[in-house]
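A.B. asks: Structure supplied as data06.cif; contents: mmCIF, C-alpha atoms.
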data_query
loop_
_atom_site.label_atom_id
_atom_site.label_comp_id
_atom_site.auth_asym_id
_atom_site.auth_seq_id
_atom_site.Cartn_x
_atom_site.Cartn_y
_atom_site.Cartn_z
CA SER Z 1 85.28 84.98 104.59
CA VAL Z 2 82.58 86.26 102.26
CA GLY Z 3 79.19 84.65 102.74
CA GLY Z 4 75.69 85.22 104.11
CA GLY Z 5 74.49 88.76 104.67
CA GLY Z 6 71.67 91.23 104.42
CA PRO Z 7 70.66 93.71 101.71
CA ALA Z 8 73.34 95.72 100.00
CA GLY Z 9 74.05 99.36 100.66
CA THR Z 10 73.32 102.29 98.39
CA ALA Z 11 75.52 105.06 97.12
CA GLY Z 12 75.35 108.39 98.87
CA PRO Z 13 76.64 111.87 98.03
CA ASN Z 14 80.34 112.52 97.85
CA GLY Z 15 81.90 112.37 101.30
CA ALA Z 16 78.94 110.54 102.79
CA GLN Z 17 79.23 107.04 104.14
CA THR Z 18 77.37 104.33 102.31
CA GLY Z 19 76.52 100.83 103.33
CA GLY Z 20 73.71 98.37 103.85
CA ALA Z 21 72.14 96.56 106.76
CA PRO Z 22 74.40 94.94 109.37
CA ALA Z 23 75.92 91.65 108.34
CA ALA Z 24 73.93 88.62 109.26
CA THR Z 25 75.49 86.47 111.95
CA SER Z 26 76.33 82.86 111.25
CA PRO Z 27 78.06 80.09 113.21
CA SER Z 28 81.14 80.43 110.98
CA CYS Z 29 81.67 84.04 112.02
CA GLY Z 30 82.23 83.43 115.72
CA PRO Z 31 82.23 86.36 118.16
CA LEU Z 32 83.07 89.62 116.38
CA THR Z 33 84.70 92.56 118.15
CA ASN Z 34 85.89 96.14 117.66
CA SER Z 35 89.25 94.78 116.51
CA ASP Z 36 90.81 98.07 115.36
CA THR Z 37 90.06 101.58 114.17
CA GLY Z 38 87.12 101.50 111.79
CA VAL Z 39 86.12 97.92 112.65
CA THR Z 40 82.99 97.06 114.65
CA PRO Z 41 81.22 93.72 115.05
CA LYS Z 42 78.98 94.73 112.14
CA GLU Z 43 81.04 96.98 109.86
CA ILE Z 44 84.44 97.67 108.33
CA LYS Z 45 84.78 101.33 107.37
CA VAL Z 46 87.10 102.22 104.51
CA ALA Z 47 87.86 105.28 102.39
CA ASP Z 48 87.92 105.27 98.59
CA VAL Z 49 89.78 108.08 96.80
CA LEU Z 50 88.23 109.24 93.52
CA LEU Z 51 90.28 110.89 90.78
CA ASN Z 52 89.22 114.48 90.14
CA LEU Z 53 91.63 116.24 87.80
CA ALA Z 54 90.87 119.95 87.67
CA GLY Z 55 91.23 122.71 85.13
CA ALA Z 56 92.13 122.22 81.49
CA ILE Z 57 93.21 118.62 82.01
CA GLY Z 58 90.06 117.17 83.55
CA ASN Z 59 89.33 113.47 83.87
CA SER Z 60 88.01 113.22 80.31
CA ALA Z 61 91.33 114.44 78.90
CA VAL Z 62 92.99 111.24 80.11
CA GLY Z 63 90.02 109.05 79.24
CA GLN Z 64 88.88 108.65 82.84
CA PRO Z 65 85.31 108.86 84.20
CA SER Z 66 83.91 111.60 86.39
CA PRO Z 67 84.11 111.11 90.18
CA GLN Z 68 80.39 110.34 90.14
CA ILE Z 69 80.80 107.47 87.68
CA GLN Z 70 83.86 106.21 89.58
CA GLN Z 71 81.77 106.09 92.75
CA GLN Z 72 78.94 104.33 90.95
CA MET Z 73 81.28 101.59 89.74
CA ALA Z 74 82.94 101.17 93.13
CA GLN Z 75 79.63 101.06 94.97
CA ALA Z 76 78.30 98.38 92.62
CA VAL Z 77 81.18 96.10 93.68
CA VAL Z 78 80.74 97.00 97.36
CA ASP Z 79 77.01 96.30 97.16
CA ASP Z 80 77.73 92.93 95.58
CA ILE Z 81 80.23 92.02 98.30
CA ASN Z 82 77.77 93.09 100.98
CA ALA Z 83 74.96 91.13 99.35
CA HIS Z 84 77.08 88.02 99.75
CA GLY Z 85 77.91 88.53 103.42
CA GLY Z 86 80.35 91.40 103.42
CA VAL Z 87 83.99 91.18 104.44
CA ASP Z 88 84.74 88.61 107.11
CA CYS Z 89 81.07 88.65 108.21
CA ARG Z 90 80.95 92.46 108.39
CA LYS Z 91 79.39 94.97 106.02
CA LEU Z 92 81.83 97.07 104.02
CA VAL Z 93 81.00 100.77 104.50
CA VAL Z 94 82.72 103.25 102.18
CA THR Z 95 83.37 106.97 102.49
CA TYR Z 96 84.29 108.58 99.18
CA TYR Z 97 86.78 111.42 98.79
CA GLU Z 98 87.71 113.38 95.66
CA ALA Z 99 91.34 114.39 95.15
CA ASN Z 100 93.34 116.06 92.40
CA PRO Z 101 96.67 114.17 92.44
CA ILE Z 102 98.43 116.89 90.45
CA ASP Z 103 97.71 119.36 93.28
CA PRO Z 104 99.80 118.47 96.38
CA THR Z 105 97.59 120.68 98.57
CA SER Z 106 94.52 118.70 97.51
CA THR Z 107 96.06 115.32 98.32
CA GLN Z 108 97.49 116.53 101.61
CA ASN Z 109 94.11 117.89 102.73
CA ILE Z 110 92.33 114.66 101.78
CA CYS Z 111 95.02 112.64 103.55
CA LEU Z 112 94.38 114.59 106.77
CA GLN Z 113 90.61 114.23 106.39
CA ILE Z 114 90.94 110.48 105.98
CA ALA Z 115 93.23 110.25 109.01
CA GLN Z 116 90.63 112.06 111.10
CA ALA Z 117 87.72 109.99 109.78
CA GLY Z 118 88.67 106.84 111.67
CA VAL Z 119 88.56 104.45 108.72
CA PHE Z 120 90.22 101.05 108.83
CA ALA Z 121 91.95 101.30 105.45
CA VAL Z 122 92.08 103.19 102.18
CA ILE Z 123 91.13 101.62 98.86
CA GLY Z 124 92.58 102.95 95.61
CA GLY Z 125 94.68 105.69 97.15
CA PHE Z 126 96.10 108.64 95.22
CA ALA Z 127 96.71 107.95 91.55
CA TYR Z 128 99.76 110.16 91.03
CA PRO Z 129 102.63 110.77 91.56
CA ALA Z 130 104.85 108.07 93.03
CA ALA Z 131 105.06 108.29 96.84
CA SER Z 132 101.71 110.10 97.00
CA ASN Z 133 100.32 107.47 99.40
CA ASP Z 134 103.16 107.86 101.90
CA CYS Z 135 101.17 110.43 103.88
CA LEU Z 136 98.56 107.77 104.65
CA ALA Z 137 101.18 105.17 105.58
CA GLN Z 138 102.79 107.70 107.93
CA GLN Z 139 99.45 107.72 109.79
CA LYS Z 140 99.65 103.90 109.98
CA ILE Z 141 96.59 103.57 107.75
CA PRO Z 142 96.89 100.60 105.37
CA VAL Z 143 96.45 101.51 101.70
CA LEU Z 144 95.53 98.97 99.03
CA ALA Z 145 96.37 101.18 96.08
CA ASN Z 146 96.13 101.25 92.30
CA ILE Z 147 99.75 102.40 92.08
CA ALA Z 148 102.49 100.46 93.78
CA PRO Z 149 105.21 101.60 96.12
CA THR Z 150 108.79 101.30 94.95
CA PRO Z 151 110.80 98.58 96.71
CA LEU Z 152 112.44 101.04 99.11
CA GLU Z 153 109.15 102.79 99.78
CA GLY Z 154 107.41 99.49 100.46
CA LYS Z 155 110.17 98.48 102.88
CA GLN Z 156 110.10 101.82 104.69
CA TYR Z 157 106.34 101.81 105.23
CA TYR Z 158 105.63 98.11 105.62
CA PRO Z 159 102.95 96.88 106.44
CA TYR Z 160 100.89 99.84 105.27
CA LEU Z 161 101.46 100.11 101.49
CA MET Z 162 100.00 97.43 99.21
CA SER Z 163 98.84 97.42 95.59
CA THR Z 164 97.12 95.54 92.82
CA THR Z 165 99.87 96.57 90.40
CA PRO Z 166 103.60 95.83 90.10
CA ASP Z 167 106.13 98.16 91.61
CA PRO Z 168 107.57 100.36 88.83
CA THR Z 169 110.99 98.71 88.92
CA GLN Z 170 109.36 95.32 88.27
CA ASP Z 171 107.23 96.88 85.55
CA TYR Z 172 110.31 98.18 83.77
CA ALA Z 173 112.20 94.91 84.29
CA ASN Z 174 109.46 93.04 82.43
CA ALA Z 175 109.51 95.66 79.66
CA ILE Z 176 113.31 95.69 79.30
CA PHE Z 177 114.11 91.98 79.65
CA GLY Z 178 111.05 91.00 77.63
CA MET Z 179 112.08 93.27 74.78
CA GLN Z 180 115.64 91.95 74.99
CA GLY Z 181 114.18 88.58 74.09
CA ARG Z 182 112.59 90.16 71.02
CA GLY Z 183 115.91 91.57 69.82
CA PHE Z 184 115.14 95.19 70.66
CA PHE Z 185 118.76 95.92 71.62
CA THR Z 186 120.43 94.20 68.66
CA ALA Z 187 122.19 95.71 65.67
CA ALA Z 188 120.22 93.32 63.49
CA GLN Z 189 117.12 95.32 64.38
CA GLY Z 190 118.87 98.65 63.86
CA PHE Z 191 119.98 99.39 67.43
CA GLN Z 192 122.86 101.86 67.67
CA LYS Z 193 122.24 104.35 70.44
CA LEU Z 194 119.64 104.70 73.19
CA ALA Z 195 118.16 107.76 74.90
CA ILE Z 196 116.42 107.65 78.29
CA LEU Z 197 113.71 110.31 78.56
CA GLU Z 198 113.31 110.67 82.31
CA ASP Z 199 112.10 113.10 84.95
CA ASP Z 200 113.71 113.17 88.40
CA CYS Z 201 110.48 112.46 90.32
CA THR Z 202 111.71 109.06 91.56
CA PRO Z 203 115.48 108.50 91.33
CA GLU Z 204 115.07 104.90 92.55
CA ILE Z 205 113.12 104.03 89.40
CA ASN Z 206 115.61 105.81 87.15
CA ARG Z 207 118.52 103.88 88.69
CA ALA Z 208 116.71 100.57 88.26
CA VAL Z 209 115.98 101.28 84.59
CA TYR Z 210 119.60 102.23 83.90
CA ASP Z 211 120.92 99.15 85.71
CA ASP Z 212 118.58 96.85 83.76
CA LEU Z 213 119.67 98.39 80.46
CA ILE Z 214 123.29 97.65 81.35
CA LYS Z 215 122.28 94.08 82.28
CA VAL Z 216 120.80 93.47 78.82
CA GLY Z 217 124.08 94.51 77.20
CA VAL Z 218 123.64 98.19 76.39
CA ARG Z 219 127.03 99.89 76.82
CA THR Z 220 127.34 103.11 78.80
CA ASN Z 221 128.69 104.92 75.72
CA GLN Z 222 125.48 103.97 73.88
CA ILE Z 223 123.22 105.73 76.40
CA VAL Z 224 122.12 109.36 76.27
CA LYS Z 225 120.19 110.74 79.25
CA ASN Z 226 117.49 113.32 78.64
CA ASP Z 227 116.91 114.44 82.24
CA PHE Z 228 114.45 117.07 83.40
CA SER Z 229 112.95 118.24 86.68
CA CYS Z 230 109.84 116.58 88.08
CA PRO Z 231 107.04 118.61 86.47
CA SER Z 232 104.92 120.27 89.15
CA SER Z 233 101.88 120.36 86.85
CA GLY Z 234 102.33 116.77 85.71
CA PHE Z 235 103.54 117.90 82.27
CA ALA Z 236 107.05 118.82 81.23
CA SER Z 237 107.83 121.91 79.19
CA PRO Z 238 106.94 121.31 75.51
CA SER Z 239 110.03 123.26 74.45
CA ASP Z 240 112.26 120.97 76.52
CA MET Z 241 110.68 117.89 74.97
CA SER Z 242 111.06 119.34 71.48
CA GLN Z 243 114.72 120.08 72.16
CA PHE Z 244 115.32 116.52 73.38
CA ALA Z 245 113.73 115.11 70.22
CA THR Z 246 115.88 117.35 68.04
CA GLN Z 247 119.06 116.42 69.91
CA ASP Z 248 118.27 112.69 69.70
CA ASN Z 249 117.55 112.96 66.00
CA LEU Z 250 120.83 114.75 65.30
CA ALA Z 251 122.73 112.26 67.51
CA HIS Z 252 121.28 109.31 65.54
CA VAL Z 253 119.52 107.83 68.59
CA THR Z 254 117.69 104.74 67.37
CA ASN Z 255 115.85 103.66 70.53
CA VAL Z 256 114.15 105.70 73.27
CA VAL Z 257 113.17 104.49 76.75
CA GLU Z 258 110.35 106.53 78.29
CA VAL Z 259 110.49 107.02 82.09
CA THR Z 260 108.00 109.83 82.66
CA GLY Z 261 104.32 110.65 82.34
CA GLY Z 262 102.44 110.29 79.09
CA GLY Z 263 101.65 114.00 78.87
CA SER Z 264 105.35 114.84 78.77
CA PHE Z 265 106.10 112.10 76.27
CA LYS Z 266 103.31 113.35 74.00
CA GLU Z 267 105.29 116.50 73.27
CA TYR Z 268 108.46 114.52 72.55
CA SER Z 269 106.70 112.23 70.06
CA SER Z 270 104.92 115.17 68.40
CA ALA Z 271 108.23 116.99 67.92
CA ALA Z 272 109.83 113.80 66.61
CA GLN Z 273 106.99 113.28 64.13
CA GLY Z 274 107.39 116.86 62.91
CA GLN Z 275 111.00 116.02 62.03
CA SER Z 276 110.07 112.68 60.40
CA TYR Z 277 112.10 111.09 63.18
CA LYS Z 278 110.73 107.74 64.37
CA PRO Z 279 112.93 105.90 66.88
CA LYS Z 280 111.85 102.63 68.45
CA TYR Z 281 110.21 103.22 71.80
CA LEU Z 282 110.33 101.14 74.99
CA VAL Z 283 107.63 101.97 77.54
CA SER Z 284 106.02 100.44 80.62
CA ASP Z 285 102.78 101.27 82.43
CA TYR Z 286 104.59 103.74 84.71
CA ASN Z 287 102.20 106.58 85.60
CA GLY Z 288 99.40 104.75 83.79
CA PHE Z 289 101.08 105.23 80.42
CA LEU Z 290 99.33 102.37 78.64
CA VAL Z 291 95.85 103.80 79.15
CA THR Z 292 96.79 107.43 78.53
CA ALA Z 293 98.52 106.35 75.30
CA THR Z 294 95.09 105.76 73.79
CA GLY Z 295 93.63 109.14 74.83
CA GLY Z 296 94.10 112.85 74.42
CA THR Z 297 97.35 112.95 76.38
CA GLY Z 298 98.85 110.06 74.46
CA PRO Z 299 101.77 110.19 72.02
CA ASP Z 300 101.47 111.17 68.39
CA PRO Z 301 99.76 108.00 67.04
CA ASN Z 302 101.71 107.91 63.79
CA ASN Z 303 105.05 108.41 65.53
CA PHE Z 304 104.18 105.75 68.12
CA ASP Z 305 102.59 103.30 65.64
CA GLY Z 306 104.01 99.79 65.88
CA THR Z 307 105.54 100.21 69.34
CA VAL Z 308 105.81 96.78 70.96
CA VAL Z 309 105.59 96.31 74.73
CA THR Z 310 106.16 93.26 76.90
CA THR Z 311 103.72 94.19 79.64
CA ASP Z 312 102.59 92.78 82.98
CA THR Z 313 99.08 94.06 82.25
CA ARG Z 314 96.25 92.68 80.09
CA PHE Z 315 96.09 95.76 77.86
CA GLY Z 316 95.16 94.73 74.36
CA GLU Z 317 92.84 91.93 75.49
CA ASN Z 318 89.75 94.08 74.90
CA ASN Z 319 90.77 94.80 71.30
CA THR Z 320 91.93 91.30 70.33
CA PRO Z 321 89.20 88.88 69.21
CA GLY Z 322 89.03 85.59 71.09
CA LEU Z 323 90.81 86.79 74.21
CA THR Z 324 89.13 87.01 77.60
CA ASP Z 325 89.56 85.67 81.13
CA PRO Z 326 87.23 84.36 83.86
CA ALA Z 327 87.77 87.23 86.33
CA THR Z 328 86.90 89.83 83.71
CA GLN Z 329 83.82 87.87 82.66
CA ALA Z 330 82.69 87.72 86.31
CA CYS Z 331 83.18 91.47 86.71
CA LEU Z 332 81.26 92.16 83.49
CA ALA Z 333 78.39 90.08 84.91
CA LEU Z 334 78.54 92.00 88.20
CA PHE Z 335 78.38 95.35 86.41
CA ALA Z 336 75.47 94.10 84.30
CA ARG Z 337 73.54 93.12 87.44
CA HIS Z 338 73.90 96.71 88.61
CA GLY Z 339 72.91 98.27 85.29
CA LEU Z 340 76.42 99.35 84.32
CA PRO Z 341 77.61 98.95 80.71
CA ALA Z 342 80.39 96.59 79.65
CA SER Z 343 82.22 99.61 78.20
CA ASP Z 344 82.90 100.76 81.77
CA ILE Z 345 85.28 97.78 81.97
CA ASN Z 346 86.59 97.21 78.45
CA GLY Z 347 86.69 100.90 77.44
CA SER Z 348 89.01 103.67 78.56
CA TYR Z 349 87.47 103.78 82.06
CA ILE Z 350 89.06 100.37 82.85
CA GLY Z 351 86.52 100.09 85.67
CA GLY Z 352 87.24 96.42 86.27
CA GLY Z 353 89.91 97.60 88.67
CA ASN Z 354 87.09 98.13 91.15
CA CYS Z 355 86.29 94.41 91.15
CA THR Z 356 89.97 93.57 91.59
CA ILE Z 357 90.80 95.98 94.39
CA PHE Z 358 87.73 95.54 96.59
CA GLU Z 359 87.70 91.76 96.22
CA LEU Z 360 91.44 91.60 96.94
CA PHE Z 361 90.85 93.68 100.06
CA ALA Z 362 88.13 91.23 101.13
CA ALA Z 363 90.49 88.29 100.53
CA ALA Z 364 93.30 89.88 102.55
CA ALA Z 365 90.98 90.81 105.43
CA SER Z 366 89.54 87.29 105.53
CA HIS Z 367 93.07 85.96 106.20
CA ASP Z 368 93.61 88.46 109.02
CA PRO Z 369 92.09 87.17 112.29
CA GLY Z 370 91.38 90.71 113.58
CA PRO Z 371 91.18 92.28 111.21
CA THR Z 372 93.77 94.85 112.26
CA ARG Z 373 95.56 97.58 110.35
CA ALA Z 374 98.95 95.97 110.93
CA GLY Z 375 97.58 92.51 110.10
CA LEU Z 376 96.13 93.32 106.67
CA ALA Z 377 99.46 92.90 104.81
CA PRO Z 378 100.23 89.54 106.50
CA GLY Z 379 96.69 88.52 105.52
CA LEU Z 380 97.43 89.57 101.94
CA GLY Z 381 100.52 87.37 102.01
CA GLN Z 382 98.31 84.33 102.47
CA VAL Z 383 96.09 85.04 99.45
CA GLY Z 384 98.41 83.38 96.92
CA ARG Z 385 97.53 83.69 93.23
CA PHE Z 386 94.68 86.13 92.74
CA ALA Z 387 92.65 86.29 89.53
CA MET Z 388 92.55 89.91 88.41
CA VAL Z 389 90.23 91.74 86.05
CA PHE Z 390 91.28 93.49 82.82
CA PRO Z 391 93.54 95.41 82.50
CA LEU Z 392 95.59 93.60 85.17
CA GLN Z 393 97.27 90.22 84.85
CA ASP Z 394 96.91 87.78 87.76
CA SER Z 395 99.21 88.39 90.73
CA ILE Z 396 100.70 86.23 93.45
CA TYR Z 397 100.74 87.47 97.05
CA LYS Z 398 102.99 85.39 99.23
CA VAL Z 399 105.56 85.26 102.01
CA PRO Z 400 108.23 86.58 101.75
CA GLY Z 401 108.54 89.54 99.41
CA ALA Z 402 111.79 90.76 97.87
CA MET Z 403 112.36 93.53 100.42
CA THR Z 404 109.40 93.07 102.76
CA PRO Z 405 108.14 90.15 104.89
CA VAL Z 406 105.19 89.85 102.48
CA LYS Z 407 105.02 90.40 98.71
CA VAL Z 408 102.59 93.32 98.70
CA THR Z 409 102.59 94.27 94.99
CA GLY Z 410 101.34 92.62 91.80
CA GLY Z 411 103.02 92.07 88.45
CA ASP Z 412 103.77 88.36 88.17
CA PHE Z 413 103.01 87.60 84.52
CA TRP Z 414 103.50 89.31 81.15
CA TRP Z 415 102.55 89.06 77.50
CA THR Z 416 103.27 91.08 74.33
CA ILE Z 417 101.19 93.90 72.84
CA ALA Z 418 101.62 96.50 70.11
CA PHE Z 419 100.20 99.98 69.56
CA ARG Z 420 98.20 100.49 66.38
CA ALA Z 421 97.59 103.99 65.06
CA SER Z 422 94.70 102.66 62.97
CA CYS Z 423 92.61 102.28 66.14
CA THR Z 424 94.71 104.34 68.58
CA CYS Z 425 94.72 101.22 70.71
CA TRP Z 426 96.76 98.28 71.95
CA LYS Z 427 96.42 94.82 70.45
CA VAL Z 428 97.88 91.55 71.74
CA ILE Z 429 100.43 90.19 69.27
CA ASP Z 430 101.53 87.23 71.41
CA PRO Z 431 99.06 86.00 74.06
CA THR Z 432 101.61 83.66 75.64
CA VAL Z 433 101.67 84.44 79.36
CA HIS Z 434 105.16 84.34 80.87
CA PRO Z 435 106.26 84.55 84.52
CA SER Z 436 107.77 87.91 85.41
CA PHE Z 437 111.53 88.45 85.48
CA GLN Z 438 112.93 88.43 89.00
#
Turn the structure described in the file into structure tokens.
C.D. replies:
Amino acid sequence: SVGGGGPAGTAGPNGAQTGGAPAATSPSCGPLTNSDTGVTPKEIKVADVLLNLAGAIGNSAVGQPSPQIQQQMAQAVVDDINAHGGVDCRKLVVTYYEANPIDPTSTQNICLQIAQAGVFAVIGGFAYPAASNDCLAQQKIPVLANIAPTPLEGKQYYPYLMSTTPDPTQDYANAIFGMQGRGFFTAAQGFQKLAILEDDCTPEINRAVYDDLIKVGVRTNQIVKNDFSCPSSGFASPSDMSQFATQDNLAHVTNVVEVTGGGSFKEYSSAAQGQSYKPKYLVSDYNGFLVTATGGTGPDPNNFDGTVVTTDTRFGENNTPGLTDPATQACLALFARHGLPASDINGSYIGGGNCTIFELFAAAASHDPGPTRAGLAPGLGQVGRFAMVFPLQDSIYKVPGAMTPVKVTGGDFWWTIAFRASCTCWKVIDPTVHPSFQ
């Protein structure tokens, strides 16, 4: 449990461990032991992976903070947890690593460094692409990540892959079935033919999207597939995207489902806009699309204007007057106590994820008697409904999961948002919160 404790730790240089004084003992703690790798009677050592995009892209190009600011936000949450007794009566000690997820060599090297560092778990994990956290799971290091494993991936590596977000197949199910309810696939709203713009990075996700489209009544002869190879740089060829847009325009495609990164889709939408071609788009938060949509790697705003999304995130809350939630308010107060601006949470940095992920880790560990690496996921399964901070909706962690003994991913509620070119932002158009489609 979280309670009691000594002074909080302070941030150190990149790669250096940070942490405060040993946790204070209390009768509720009982005898504490070296229960597993990275766990002592006084500390739990974890790694936190910071996003460091290199070259022309850079973090700022996708609206994300520098590694230094990321560490500052994370450490504020860690300090707050430690000031209130730490995790299960132990201080949380964090080692920070910077990784460029677009560079496989970078992520592989960091994975090996983390494996050799003797940490208990990894927080955040690698941000891109799908399956990037498998290398850590192969080392039997639990990862509580910002991106979720697919169902098959979660089953293969259970109990080592967990997330604050929904698995991509669930994310797309909420987008597809939610938009079915809004008439997206009906002739009355102009539907005739649909194109799927998809890379081949994760065939499991592509199959799930196709199957769900069939389930909502789209006929196979109404579907065009725009397939392309998984882009090694994270961005597809602009000429390929332009060609797809031209083909779809000539084929009278009325609706387009995006199953790739935002940087690739940007070129498609730009080419479409240049042809005065504006199909209706269906997107999810796959590869962080909803945040990149509002930045430099987002779609052409005029071409994308008016796109409606049924999303299992809270995107749009920060731009819609009168909407807030208790978890986000608590995180805003925490950041304020540590001298961090509210814009770190409700701006493009979406730094409230730090409150969610570290506090969820603390909750899971407090339900694990060890704690042990193999016991963290079962502990997570006892957390139940967990109040998450913007931009995430609340999630329910329970026993059993769909394909694993424990439900280890988020994504249990959705609402409806729309993209507005006038602000290059998302706004909530229906704040009704619905349970996710199963």
A.B. asks: Residues within 8 Å of segment 202-218 of chain Z, please, as a list in words. Count all atoms listed in the file; anything in the same chain fewer than 3 positions from it doesn't count.
C.D. replies: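 Residues near the query, excluding close chain neighbours: Ala130, Thr150, Pro168, Thr169, Tyr172, Ala173, Ile176, Phe177, Gln180, Phe185, Glu198, Asp199, Gln222, Ile223 and Val259 of chain Z.
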A.B. asks: For Ser233 of chain Z, which residue among Z:Gly410, Z:Pro104, Z:Pro435, Z:Pro369 is the nearest when counting only C-alpha atoms?
C.D. replies: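 Smallest separation from Ser233 of chain Z among the options: Z:Pro104.
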A.B. asks: Quick one: residues within 6 Å of Thr409 of chain Z, all atoms listed in the file, excluding same-chain residues fewer than 3 positions away - as a ChimeraX atom specification?
C.D. replies: /Z:162-163,165-166
A.B. asks: Pick the closest to Val253 of chain Z from Z:Ser237, Z:Thr311, Z:Ser422, Z:Gln192: which is it, counting only C-alpha atoms?
C.D. replies: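 Using only C-alpha atoms, Val253 of chain Z sits closest to Z:Gln192.
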A.B. asks: I want to know what sits within 8 Å of Leu144 of chain Z, based on all atoms listed in the file, with residues of the same chain fewer than 6 positions away left out; could you give that as number ranges by chain?
C.D. replies: Z: 121-125, 161-164, 357, 361
A.B. asks: Do you have the atom CA of Pro101 of chain Z-atom CA of Val46 of chain Z distance handy?
C.D. replies: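 Between atom CA of Pro101 of chain Z and atom CA of Val46 of chain Z the gap is 19.5 Å.
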A.B. asks: Apply the PyMOL selection byres ((chain Z and resi 65-70) around 6) to the structure shown and report the selected residues as a CSV table (one decimal) with C-alpha atoms, in the coordinates of the input.
C.D. replies:
chain,number,residue,atom,x,y,z
Z,50,LEU,CA,88.2,109.2,93.5
Z,64,GLN,CA,88.9,108.6,82.8
Z,71,GLN,CA,81.8,106.1,92.8
Z,72,GLN,CA,78.9,104.3,91.0
Z,73,MET,CA,81.3,101.6,89.7
Z,349,TYR,CA,87.5,103.8,82.1
A.B. asks: So how many Å separate atom CA of Val283 of chain Z and atom CA of Glu317 of chain Z, to one decimal?
C.D. replies: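 Taking atom CA of Val283 of chain Z and atom CA of Glu317 of chain Z, their separation equals 18.0 Å.
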A.B. asks: Taking the file as shown, find all residues satisfying the PyMOL selection byres ((chain Z and resi 287-297) around 10) and write them as a PDB file with C-alpha atoms, keeping the file's coordinate frame.
C.D. replies:
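out-v1.pdb was written with the following content:
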ATOM      1  CA  ILE Z  57      93.210 118.620  82.010  1.00  0.00           C
ATOM      2  CA  SER Z  60      88.010 113.220  80.310  1.00  0.00           C
ATOM      3  CA  ALA Z  61      91.330 114.440  78.900  1.00  0.00           C
ATOM      4  CA  VAL Z  62      92.990 111.240  80.110  1.00  0.00           C
ATOM      5  CA  GLY Z  63      90.020 109.050  79.240  1.00  0.00           C
ATOM      6  CA  GLN Z  64      88.880 108.650  82.840  1.00  0.00           C
ATOM      7  CA  ALA Z 127      96.710 107.950  91.550  1.00  0.00           C
ATOM      8  CA  TYR Z 128      99.760 110.160  91.030  1.00  0.00           C
ATOM      9  CA  PRO Z 129     102.630 110.770  91.560  1.00  0.00           C
ATOM     10  CA  ALA Z 130     104.850 108.070  93.030  1.00  0.00           C
ATOM     11  CA  ASN Z 146      96.130 101.250  92.300  1.00  0.00           C
ATOM     12  CA  ILE Z 147      99.750 102.400  92.080  1.00  0.00           C
ATOM     13  CA  PRO Z 168     107.570 100.360  88.830  1.00  0.00           C
ATOM     14  CA  PHE Z 235     103.540 117.900  82.270  1.00  0.00           C
ATOM     15  CA  GLU Z 258     110.350 106.530  78.290  1.00  0.00           C
ATOM     16  CA  VAL Z 259     110.490 107.020  82.090  1.00  0.00           C
ATOM     17  CA  THR Z 260     108.000 109.830  82.660  1.00  0.00           C
ATOM     18  CA  GLY Z 261     104.320 110.650  82.340  1.00  0.00           C
ATOM     19  CA  GLY Z 262     102.440 110.290  79.090  1.00  0.00           C
ATOM     20  CA  GLY Z 263     101.650 114.000  78.870  1.00  0.00           C
ATOM     21  CA  SER Z 264     105.350 114.840  78.770  1.00  0.00           C
ATOM     22  CA  PHE Z 265     106.100 112.100  76.270  1.00  0.00           C
ATOM     23  CA  LYS Z 266     103.310 113.350  74.000  1.00  0.00           C
ATOM     24  CA  GLU Z 267     105.290 116.500  73.270  1.00  0.00           C
ATOM     25  CA  VAL Z 283     107.630 101.970  77.540  1.00  0.00           C
ATOM     26  CA  SER Z 284     106.020 100.440  80.620  1.00  0.00           C
ATOM     27  CA  ASP Z 285     102.780 101.270  82.430  1.00  0.00           C
ATOM     28  CA  TYR Z 286     104.590 103.740  84.710  1.00  0.00           C
ATOM     29  CA  GLY Z 298      98.850 110.060  74.460  1.00  0.00           C
ATOM     30  CA  PRO Z 299     101.770 110.190  72.020  1.00  0.00           C
ATOM     31  CA  ASP Z 300     101.470 111.170  68.390  1.00  0.00           C
ATOM     32  CA  PRO Z 301      99.760 108.000  67.040  1.00  0.00           C
ATOM     33  CA  PHE Z 304     104.180 105.750  68.120  1.00  0.00           C
ATOM     34  CA  VAL Z 309     105.590  96.310  74.730  1.00  0.00           C
ATOM     35  CA  THR Z 311     103.720  94.190  79.640  1.00  0.00           C
ATOM     36  CA  THR Z 313      99.080  94.060  82.250  1.00  0.00           C
ATOM     37  CA  PHE Z 315      96.090  95.760  77.860  1.00  0.00           C
ATOM     38  CA  GLY Z 316      95.160  94.730  74.360  1.00  0.00           C
ATOM     39  CA  GLY Z 347      86.690 100.900  77.440  1.00  0.00           C
ATOM     40  CA  SER Z 348      89.010 103.670  78.560  1.00  0.00           C
ATOM     41  CA  TYR Z 349      87.470 103.780  82.060  1.00  0.00           C
ATOM     42  CA  ILE Z 350      89.060 100.370  82.850  1.00  0.00           C
ATOM     43  CA  PRO Z 391      93.540  95.410  82.500  1.00  0.00           C
ATOM     44  CA  PHE Z 419     100.200  99.980  69.560  1.00  0.00           C
ATOM     45  CA  ARG Z 420      98.200 100.490  66.380  1.00  0.00           C
ATOM     46  CA  ALA Z 421      97.590 103.990  65.060  1.00  0.00           C
ATOM     47  CA  CYS Z 423      92.610 102.280  66.140  1.00  0.00           C
ATOM     48  CA  THR Z 424      94.710 104.340  68.580  1.00  0.00           C
ATOM     49  CA  CYS Z 425      94.720 101.220  70.710  1.00  0.00           C
ATOM     50  CA  TRP Z 426      96.760  98.280  71.950  1.00  0.00           C
TER      51      TRP Z 426
END
